[in-house]
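Chemist: What follows is the file query05.tsv, containing TSV, C-alpha atoms:
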```
chain	number	residue	atom	x	y	z
A	3	MET	CA	123.92	109.90	101.32
A	4	ASN	CA	122.97	112.70	103.52
A	5	GLY	CA	121.35	114.89	100.92
A	6	ARG	CA	120.45	117.91	103.02
A	7	LYS	CA	123.90	118.38	104.44
A	8	SER	CA	125.77	117.99	101.15
A	9	PHE	CA	123.75	120.51	99.20
A	10	GLY	CA	124.09	123.14	101.87
A	11	ALA	CA	127.82	122.64	102.17
A	12	LYS	CA	128.42	122.86	98.44
A	13	LYS	CA	126.50	126.07	97.98
A	14	GLY	CA	128.14	127.62	101.00
A	15	GLY	CA	131.54	126.70	99.64
A	16	ARG	CA	130.97	128.51	96.38
A	17	ALA	CA	129.74	131.66	98.02
A	18	GLY	CA	132.79	131.61	100.26
A	19	ALA	CA	135.16	131.42	97.30
A	20	GLY	CA	133.54	134.50	95.76
A	21	ALA	CA	133.92	136.47	98.98
A	22	GLN	CA	137.62	135.65	99.15
A	23	GLY	CA	138.22	137.33	95.80
A	24	LYS	CA	138.23	140.80	97.38
A	25	ASP	CA	141.55	140.46	99.20
A	26	GLY	CA	143.22	139.84	95.86
A	27	GLN	CA	144.65	136.46	96.78
A	28	ARG	CA	143.73	133.46	94.74
A	29	ARG	CA	142.76	130.73	97.10
A	30	PRO	CA	141.68	127.30	95.94
A	31	MET	CA	137.92	126.99	95.89
A	32	PHE	CA	136.59	125.13	98.84
A	33	ARG	CA	135.35	121.70	97.95
A	34	ARG	CA	133.32	119.58	100.27
A	35	ARG	CA	135.27	116.53	101.23
A	36	LYS	CA	133.68	113.52	99.62
A	37	VAL	CA	132.78	110.62	101.84
A	38	CYS	CA	132.00	107.09	100.98
A	39	LYS	CA	128.25	106.61	100.88
A	40	PHE	CA	128.52	103.02	102.07
A	41	CYS	CA	130.77	103.88	104.99
A	42	SER	CA	128.65	106.78	106.20
A	43	ASP	CA	125.33	104.98	105.75
A	44	LYS	CA	126.79	101.75	107.16
A	45	ILE	CA	125.66	99.66	104.24
A	46	ASP	CA	127.62	96.43	104.55
A	47	ASP	CA	125.95	94.42	101.88
A	48	ILE	CA	126.19	95.87	98.38
A	49	ASN	CA	123.73	93.64	96.67
A	50	TYR	CA	123.29	93.28	92.93
A	51	LYS	CA	119.53	93.00	93.39
A	52	ASP	CA	119.22	96.40	95.02
A	53	THR	CA	118.87	98.54	91.90
A	54	LYS	CA	117.80	101.58	93.90
A	55	LEU	CA	121.11	101.54	95.68
A	56	LEU	CA	123.21	100.97	92.56
A	57	LEU	CA	121.58	103.39	90.13
A	58	PRO	CA	123.21	106.60	91.43
A	59	PHE	CA	126.56	105.01	90.51
A	60	VAL	CA	125.74	104.61	86.84
A	61	PRO	CA	125.52	107.97	85.08
A	62	GLU	CA	123.79	108.49	81.71
A	63	ARG	CA	126.37	106.63	79.66
A	64	ALA	CA	125.87	103.73	82.07
A	65	LYS	CA	129.56	103.54	82.90
A	66	ILE	CA	130.55	102.91	86.50
A	67	LEU	CA	131.10	106.19	88.31
A	68	PRO	CA	134.80	106.50	89.22
A	69	ARG	CA	135.93	106.80	92.79
A	70	ARG	CA	137.40	110.24	92.24
A	71	ILE	CA	133.92	111.55	91.53
A	72	SER	CA	131.71	109.50	93.81
A	73	GLY	CA	134.14	109.49	96.72
A	74	THR	CA	133.52	105.83	97.46
A	75	CYS	CA	136.32	104.16	99.40
A	76	ALA	CA	138.44	101.50	97.74
A	77	LEU	CA	136.87	98.60	99.59
A	78	HIS	CA	133.34	99.60	98.76
A	79	GLN	CA	134.17	100.53	95.17
A	80	ARG	CA	135.42	96.99	94.65
A	81	LYS	CA	132.25	95.54	96.10
A	82	LEU	CA	130.16	98.00	94.15
A	83	ARG	CA	131.87	97.02	90.92
A	84	VAL	CA	131.09	93.35	91.47
A	85	ALA	CA	127.48	94.15	92.28
A	86	LEU	CA	127.10	96.37	89.22
A	87	MET	CA	128.57	93.75	86.94
A	88	ARG	CA	126.20	91.12	88.26
A	89	ALA	CA	123.25	93.45	87.88
A	90	ARG	CA	124.34	94.16	84.31
A	91	GLN	CA	124.38	90.50	83.49
A	92	LEU	CA	120.77	90.20	84.57
A	93	ALA	CA	119.78	93.30	82.58
A	94	LEU	CA	118.85	95.18	85.74
A	95	ILE	CA	121.36	97.88	84.77
A	96	PRO	CA	122.52	98.69	81.23
A	97	TYR	CA	126.02	98.09	79.91
A	98	THR	CA	125.87	101.12	77.65
A	99	ALA	CA	123.44	103.83	76.70
A	100	GLU	CA	123.53	106.44	73.97
B	5	MET	CA	130.00	70.42	101.49
B	6	THR	CA	126.75	72.29	101.19
B	7	ARG	CA	126.84	75.93	100.35
B	8	LYS	CA	124.33	78.64	99.91
B	9	TYR	CA	123.65	79.89	96.43
B	10	GLU	CA	121.40	82.42	94.85
B	11	LEU	CA	119.96	81.72	91.47
B	12	VAL	CA	118.21	84.35	89.41
B	13	TYR	CA	116.77	83.55	86.04
B	14	VAL	CA	114.96	85.66	83.53
B	15	VAL	CA	112.13	83.94	81.72
B	16	SER	CA	111.03	85.05	78.28
B	17	PRO	CA	107.99	87.38	78.37
B	18	GLU	CA	106.09	85.04	76.07
B	19	ALA	CA	106.01	82.36	78.76
B	20	SER	CA	102.72	81.93	80.58
B	21	ASP	CA	102.48	81.85	84.35
B	22	ASP	CA	102.11	78.08	84.18
B	23	GLN	CA	105.34	77.77	82.26
B	24	VAL	CA	107.12	79.88	84.87
B	25	THR	CA	105.89	77.65	87.69
B	26	ASP	CA	106.80	74.66	85.55
B	27	LEU	CA	110.38	75.89	85.35
B	28	HIS	CA	110.40	76.26	89.10
B	29	THR	CA	109.26	72.64	89.53
B	30	GLN	CA	111.98	71.57	87.12
B	31	VAL	CA	114.59	73.29	89.29
B	32	GLU	CA	113.02	71.74	92.36
B	33	ALA	CA	113.23	68.29	90.78
B	34	ILE	CA	116.93	68.68	90.07
B	35	VAL	CA	117.53	69.88	93.60
B	36	GLN	CA	115.71	66.88	95.01
B	37	ARG	CA	117.44	64.43	92.71
B	38	ILE	CA	120.98	65.54	93.45
B	39	GLY	CA	120.43	66.50	97.06
B	40	GLY	CA	119.90	69.96	98.45
B	41	SER	CA	117.13	72.25	99.55
B	42	ILE	CA	115.36	75.39	98.45
B	43	GLU	CA	115.28	78.07	101.11
B	44	LYS	CA	112.97	80.44	99.33
B	45	THR	CA	111.61	81.41	95.97
B	46	GLU	CA	110.69	84.90	94.93
B	47	ASN	CA	108.94	85.90	91.79
B	48	TRP	CA	109.71	89.51	90.98
B	49	GLY	CA	107.21	89.48	88.18
B	50	ARG	CA	107.62	91.06	84.80
B	51	ARG	CA	110.21	93.78	84.55
B	52	ARG	CA	111.69	95.87	81.79
B	53	LEU	CA	115.16	94.74	80.78
B	54	ALA	CA	117.86	97.39	80.85
B	55	TYR	CA	118.87	96.33	77.36
B	56	GLU	CA	117.44	94.05	74.73
B	57	ILE	CA	118.33	90.40	74.99
B	58	GLY	CA	117.72	88.81	71.65
B	59	ARG	CA	114.57	90.64	70.70
B	60	HIS	CA	113.09	90.72	74.18
B	61	LYS	CA	112.51	93.95	76.03
B	62	GLU	CA	110.87	92.47	79.10
B	63	GLY	CA	111.32	89.41	81.23
B	64	THR	CA	109.97	87.63	84.27
B	65	TYR	CA	112.53	87.46	87.05
B	66	VAL	CA	112.61	84.57	89.50
B	67	LEU	CA	114.98	84.32	92.45
B	68	GLU	CA	115.74	81.06	94.24
B	69	VAL	CA	117.91	80.66	97.31
B	70	LEU	CA	119.39	77.17	97.39
B	71	HIS	CA	121.50	75.04	99.66
B	72	GLY	CA	123.57	72.44	97.91
B	73	THR	CA	126.89	71.40	96.48
B	74	GLY	CA	128.82	72.74	93.54
B	75	GLU	CA	127.81	69.67	91.58
B	76	LEU	CA	124.17	70.56	92.00
B	77	MET	CA	124.70	74.11	90.79
B	78	LYS	CA	126.69	72.81	87.84
B	79	GLU	CA	123.78	70.64	86.80
B	80	ILE	CA	121.25	73.45	87.29
B	81	ASP	CA	123.45	75.81	85.32
B	82	ARG	CA	123.71	73.30	82.49
B	83	ARG	CA	119.97	72.74	82.42
B	84	LEU	CA	119.15	76.44	82.45
B	85	LYS	CA	121.58	77.06	79.60
B	86	VAL	CA	119.78	74.62	77.32
B	87	THR	CA	116.29	75.80	78.28
B	88	ASP	CA	115.07	78.09	75.52
B	89	LEU	CA	112.50	79.87	77.66
B	90	ILE	CA	115.19	81.20	79.95
B	91	ILE	CA	116.90	84.15	78.38
B	92	ARG	CA	119.41	84.88	81.14
B	93	HIS	CA	120.45	83.36	84.44
B	94	LEU	CA	122.97	83.97	87.17
B	95	VAL	CA	124.25	81.76	89.97
B	96	VAL	CA	126.02	83.43	92.87
B	97	ARG	CA	127.50	81.83	95.95
B	98	VAL	CA	126.40	83.94	98.89
B	99	ASP	CA	127.34	82.18	102.14
B	100	GLU	CA	130.82	83.67	102.42
B	101	ALA	CA	129.71	87.19	101.60
B	102	GLU	CA	126.91	86.91	104.15
B	103	ALA	CA	129.34	85.75	106.82
B	104	VAL	CA	131.52	88.79	106.13
B	105	VAL	CA	128.53	91.12	106.42
B	106	GLU	CA	127.52	89.55	109.71
B	107	ARG	CA	131.04	89.85	111.06
B	108	THR	CA	131.33	93.53	110.19
B	109	LYS	CA	127.91	94.22	111.72
B	110	ALA	CA	128.81	92.38	114.92
B	111	ARG	CA	132.16	94.16	115.11
B	112	ARG	CA	130.57	97.55	114.62
B	113	SER	CA	127.92	97.07	117.28
B	114	ALA	CA	130.53	95.69	119.68
B	115	THR	CA	132.75	98.73	119.15
B	116	SER	CA	129.91	101.17	119.59
B	117	GLN	CA	128.74	99.42	122.76
B	118	ARG	CA	132.26	99.43	124.19
B	119	ARG	CA	132.65	103.14	123.45
B	120	ARG	CA	129.27	104.00	124.87
B	121	VAL	CA	130.00	102.14	128.07
B	122	ALA	CA	133.36	103.90	128.29
B	123	ARG	CA	131.51	107.22	128.05
B	124	GLY	CA	129.19	106.12	130.85
B	125	LEU	CA	126.15	105.68	128.62
B	126	PRO	CA	123.91	102.65	128.40
B	127	ALA	CA	125.28	100.14	125.90
B	128	ASP	CA	122.40	100.45	123.47
B	129	ARG	CA	121.20	103.56	121.75
B	130	GLN	CA	118.20	105.10	123.46
B	131	PRO	CA	115.21	106.17	121.41
B	132	GLY	CA	115.33	109.82	120.42
B	133	GLU	CA	119.07	110.15	120.96
B	134	GLY	CA	121.57	111.82	118.64
B	135	GLN	CA	121.22	114.39	115.86
B	136	ARG	CA	120.09	111.91	113.29
B	137	GLY	CA	116.38	111.45	113.39
B	138	ASP	CA	114.34	108.54	112.28
B	139	PRO	CA	116.50	105.98	110.47
B	140	ASP	CA	113.54	105.29	108.19
B	141	ASP	CA	113.83	108.87	107.03
B	142	ASP	CA	117.26	108.19	105.57
B	143	ARG	CA	116.02	105.22	103.66
B	144	ASP	CA	113.31	107.34	102.09
B	145	ASP	CA	115.92	109.87	101.14
B	146	ARG	CA	117.90	107.20	99.36
B	147	PHE	CA	114.90	106.04	97.42
B	148	ASP	CA	114.41	109.56	96.11
B	149	MET	CA	117.91	109.56	94.69
B	150	GLY	CA	116.93	106.94	92.12
B	151	ASN	CA	114.75	109.41	90.27
B	152	GLU	CA	117.11	112.33	90.19
B	153	ARG	CA	120.38	110.55	89.80
B	154	GLY	CA	123.44	112.62	89.44
B	155	MET	CA	122.23	114.88	92.21
B	156	ASP	CA	124.69	113.55	94.76
B	157	ARG	CA	127.80	113.41	92.69
```
Please render this file's structure as structure tokens.
Modeler:
Amino acid sequence: MNGRKSFGAKKGGRAGAGAQGKDGQRRPMFRRRKVCKFCSDKIDDINYKDTKLLLPFVPERAKILPRRISGTCALHQRKLRVALMRARQLALIPYTAE
Amino acid sequence: MTRKYELVYVVSPEASDDQVTDLHTQVEAIVQRIGGSIEKTENWGRRRLAYEIGRHKEGTYVLEVLHGTGELMKEIDRRLKVTDLIIRHLVVRVDEAEAVVERTKARRSATSQRRRVARGLPADRQPGEGQRGDPDDDRDDRFDMGNERGMDR
């Protein structure tokens, strides 16, 4: 994920929404279009052994982050799911967490 | 029909280093008996488990890359299941997935070369070209994400 770019764009988007308030019209807040991390970084192999790669997709409750939030494309979400489930079996990644 | 498999097993933390190597020789013996080969063995050492298995909180991870038949893996699977020292194991067939990865990589580089030639550029990327800097930089970036997860949601 291109960290620098995404942070800048998000912040800029919020400021822009505030500025639009003055002409009285309610416009939908600008949201940065999400892109699939695996497509943009050209990661072909989603491997269950690569915990560093998988961890951002398991939030605190250790559930798999849904596509609508992470922006992962359908193909890569499927592969990611398989990898996560394998990693869970080997106790590299938790099934649940309080 | 020989296929490529990956085998990862988690050995109980109480096991000594000798016992871990002993398990490896046991696997090797089965491979030799039934027919197959070991491509590589990796010992990841002792790691914290993400959750408790039985009463264990740690385990020694060992990865083996094998070439062999389904029969061989069946036998290894059976043996690992009955071995008390092994608290968890996983067998994955990897040859097909690897072929897919290779194909996508080849296709991508072919497309990029074709496009670059069409634009009158040399087929391969020149050093120092493009907005993106050092590719190693990006990898570092990704490693940072592990610590502050949730940042890129």
Chemist: Between CA of Gly49 in chain B and CA of Arg97 in chain B, what is the spacing in Å?
Modeler: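 Calculated distance between CA of Arg97 in chain B and CA of Gly49 in chain B is 23.0 Å.
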Chemist: Need the shell around range 112-127 of chain B: protein/DNA/RNA residues with any atom at most 12 Å away, counting all atoms listed in the file. Skip same-chain ones fewer than 4 positions apart. Format as a tab-separated table (two decimals) with C-alpha atoms, in the coordinates of the input?
Modeler:
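Generated output (around.tsv):
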```
chain	number	residue	atom	x	y	z
A	41	CYS	CA	130.77	103.88	104.99
A	44	LYS	CA	126.79	101.75	107.16
A	45	ILE	CA	125.66	99.66	104.24
A	46	ASP	CA	127.62	96.43	104.55
B	105	VAL	CA	128.53	91.12	106.42
B	106	GLU	CA	127.52	89.55	109.71
B	107	ARG	CA	131.04	89.85	111.06
B	108	THR	CA	131.33	93.53	110.19
B	131	PRO	CA	115.21	106.17	121.41
B	133	GLU	CA	119.07	110.15	120.96
```
Chemist: How many Å separate CA of Phe32 in chain A from CA of Ile66 in chain A?
Modeler: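 Going from CA of Phe32 in chain A over to CA of Ile66 in chain A covers 26.1 Å.
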Chemist: I'd like the neighbourhood of Leu77 in chain A as a list in words, where a residue qualifies if any of its atoms comes within 10 Å (using all atoms listed in the file), though same-chain residues fewer than 4 positions away should be ignored.
Modeler: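 With the cut-off at 10 Å, the set is Cys38, Phe40, Cys41, Lys81 and Leu82 of chain A.
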Chemist: Find the nearest atom pair between each residue of chain A and chain B for residues within 10 Å, count only C-alpha atoms, give distances in Å to one decimal, sort rows by chain and ascending number, and present the table as JSON lines.
Modeler:
```
{"residue": "A:Met3", "atom": "CA", "partner": "B:Arg146", "partner_atom": "CA", "distance": 6.9}
{"residue": "A:Asn4", "atom": "CA", "partner": "B:Asp142", "partner_atom": "CA", "distance": 7.6}
{"residue": "A:Gly5", "atom": "CA", "partner": "B:Asp156", "partner_atom": "CA", "distance": 7.1}
{"residue": "A:Arg6", "atom": "CA", "partner": "B:Asp145", "partner_atom": "CA", "distance": 9.4}
{"residue": "A:Ser8", "atom": "CA", "partner": "B:Asp156", "partner_atom": "CA", "distance": 7.9}
{"residue": "A:Phe9", "atom": "CA", "partner": "B:Asp156", "partner_atom": "CA", "distance": 8.3}
{"residue": "A:Lys36", "atom": "CA", "partner": "B:Arg157", "partner_atom": "CA", "distance": 9.1}
{"residue": "A:Lys39", "atom": "CA", "partner": "B:Asp156", "partner_atom": "CA", "distance": 9.9}
{"residue": "A:Asp43", "atom": "CA", "partner": "B:Asp142", "partner_atom": "CA", "distance": 8.7}
{"residue": "A:Lys44", "atom": "CA", "partner": "B:Lys109", "partner_atom": "CA", "distance": 8.9}
{"residue": "A:Ile45", "atom": "CA", "partner": "B:Val105", "partner_atom": "CA", "distance": 9.3}
{"residue": "A:Asp46", "atom": "CA", "partner": "B:Val105", "partner_atom": "CA", "distance": 5.7}
{"residue": "A:Asp47", "atom": "CA", "partner": "B:Val105", "partner_atom": "CA", "distance": 6.2}
{"residue": "A:Ile48", "atom": "CA", "partner": "B:Val105", "partner_atom": "CA", "distance": 9.6}
{"residue": "A:Lys51", "atom": "CA", "partner": "B:Val12", "partner_atom": "CA", "distance": 9.6}
{"residue": "A:Thr53", "atom": "CA", "partner": "B:Gly150", "partner_atom": "CA", "distance": 8.6}
{"residue": "A:Lys54", "atom": "CA", "partner": "B:Gly150", "partner_atom": "CA", "distance": 5.7}
{"residue": "A:Leu55", "atom": "CA", "partner": "B:Arg146", "partner_atom": "CA", "distance": 7.5}
{"residue": "A:Leu56", "atom": "CA", "partner": "B:Gly150", "partner_atom": "CA", "distance": 8.7}
{"residue": "A:Leu57", "atom": "CA", "partner": "B:Gly150", "partner_atom": "CA", "distance": 6.2}
{"residue": "A:Pro58", "atom": "CA", "partner": "B:Arg153", "partner_atom": "CA", "distance": 5.1}
{"residue": "A:Phe59", "atom": "CA", "partner": "B:Gly154", "partner_atom": "CA", "distance": 8.3}
{"residue": "A:Val60", "atom": "CA", "partner": "B:Arg153", "partner_atom": "CA", "distance": 8.5}
{"residue": "A:Pro61", "atom": "CA", "partner": "B:Gly154", "partner_atom": "CA", "distance": 6.7}
{"residue": "A:Glu62", "atom": "CA", "partner": "B:Gly154", "partner_atom": "CA", "distance": 8.8}
{"residue": "A:Leu67", "atom": "CA", "partner": "B:Arg157", "partner_atom": "CA", "distance": 9.1}
{"residue": "A:Ile71", "atom": "CA", "partner": "B:Arg157", "partner_atom": "CA", "distance": 6.5}
{"residue": "A:Ser72", "atom": "CA", "partner": "B:Arg157", "partner_atom": "CA", "distance": 5.6}
{"residue": "A:Gly73", "atom": "CA", "partner": "B:Arg157", "partner_atom": "CA", "distance": 8.5}
{"residue": "A:Arg88", "atom": "CA", "partner": "B:Leu94", "partner_atom": "CA", "distance": 7.9}
{"residue": "A:Ala89", "atom": "CA", "partner": "B:Leu94", "partner_atom": "CA", "distance": 9.5}
{"residue": "A:Arg90", "atom": "CA", "partner": "B:Ala54", "partner_atom": "CA", "distance": 8.0}
{"residue": "A:Gln91", "atom": "CA", "partner": "B:Leu94", "partner_atom": "CA", "distance": 7.6}
{"residue": "A:Leu92", "atom": "CA", "partner": "B:Arg92", "partner_atom": "CA", "distance": 6.5}
{"residue": "A:Ala93", "atom": "CA", "partner": "B:Ala54", "partner_atom": "CA", "distance": 4.8}
{"residue": "A:Leu94", "atom": "CA", "partner": "B:Ala54", "partner_atom": "CA", "distance": 5.5}
{"residue": "A:Ile95", "atom": "CA", "partner": "B:Ala54", "partner_atom": "CA", "distance": 5.3}
{"residue": "A:Pro96", "atom": "CA", "partner": "B:Ala54", "partner_atom": "CA", "distance": 4.9}
{"residue": "A:Tyr97", "atom": "CA", "partner": "B:Tyr55", "partner_atom": "CA", "distance": 7.8}
{"residue": "A:Thr98", "atom": "CA", "partner": "B:Tyr55", "partner_atom": "CA", "distance": 8.5}
{"residue": "A:Ala99", "atom": "CA", "partner": "B:Tyr55", "partner_atom": "CA", "distance": 8.8}
```
Chemist: Just the number, please: distance in Å from CA of Arg37 in chain B to CA of Ser20 in chain B, one decimal.
Modeler: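 Here the two named atoms are 25.9 Å from each other.
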Chemist: Can you pull out the residues contacting His28 in chain B? Cut-off 12 Å, using only C-alpha atoms, and skip same-chain residues under 2 positions away; I want them as an NGL selection string.
Modeler: :B and (11-15 or 21-26 or 30-35 or 42 or 44-47 or 65-69 or 80 or 84 or 90)
Chemist: Dump range 30-48 of chain B with N, CA and C atoms to a file, as a compact mmCIF listing (two decimals), in the first residue's frame.
Modeler:
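Contents of decode.txt, freshly written:
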```txt
# COMPACT_ATOMS: atom_id res chain seq x y z
N GLN B 30 12.69 -38.72 10.69
CA GLN B 30 11.55 -39.62 10.52
C GLN B 30 10.81 -39.31 9.22
N VAL B 31 10.59 -38.01 8.98
CA VAL B 31 9.91 -37.61 7.74
C VAL B 31 10.75 -38.04 6.54
N GLU B 32 12.06 -37.80 6.66
CA GLU B 32 12.97 -38.16 5.58
C GLU B 32 12.89 -39.66 5.27
N ALA B 33 12.81 -40.45 6.33
CA ALA B 33 12.76 -41.91 6.16
C ALA B 33 11.50 -42.31 5.39
N ILE B 34 10.38 -41.69 5.75
CA ILE B 34 9.13 -42.02 5.06
C ILE B 34 9.25 -41.63 3.59
N VAL B 35 9.82 -40.46 3.36
CA VAL B 35 9.97 -39.98 1.98
C VAL B 35 10.82 -40.97 1.19
N GLN B 36 11.90 -41.42 1.80
CA GLN B 36 12.78 -42.35 1.08
C GLN B 36 12.10 -43.69 0.84
N ARG B 37 11.34 -44.14 1.83
CA ARG B 37 10.72 -45.45 1.73
C ARG B 37 9.68 -45.47 0.61
N ILE B 38 8.85 -44.45 0.57
CA ILE B 38 7.75 -44.48 -0.40
C ILE B 38 8.18 -43.92 -1.75
N GLY B 39 9.19 -43.11 -1.75
CA GLY B 39 9.67 -42.56 -3.02
C GLY B 39 9.30 -41.11 -3.15
N GLY B 40 10.30 -40.26 -3.21
CA GLY B 40 10.07 -38.83 -3.30
C GLY B 40 11.36 -38.13 -2.92
N SER B 41 11.32 -36.82 -2.82
CA SER B 41 12.53 -36.11 -2.45
C SER B 41 12.18 -34.88 -1.63
N ILE B 42 13.13 -34.45 -0.84
CA ILE B 42 12.96 -33.24 -0.05
C ILE B 42 13.72 -32.12 -0.74
N GLU B 43 13.02 -31.05 -1.07
CA GLU B 43 13.70 -29.95 -1.76
C GLU B 43 14.45 -29.09 -0.75
N LYS B 44 13.74 -28.73 0.31
CA LYS B 44 14.44 -27.95 1.34
C LYS B 44 13.73 -28.08 2.66
N THR B 45 14.46 -27.78 3.69
CA THR B 45 13.92 -27.80 5.05
C THR B 45 14.28 -26.48 5.70
N GLU B 46 13.32 -25.91 6.38
CA GLU B 46 13.57 -24.64 7.05
C GLU B 46 13.08 -24.77 8.48
N ASN B 47 13.92 -24.40 9.39
CA ASN B 47 13.48 -24.36 10.78
C ASN B 47 13.26 -22.90 11.15
N TRP B 48 12.03 -22.57 11.45
CA TRP B 48 11.73 -21.17 11.79
C TRP B 48 12.03 -20.88 13.25
```
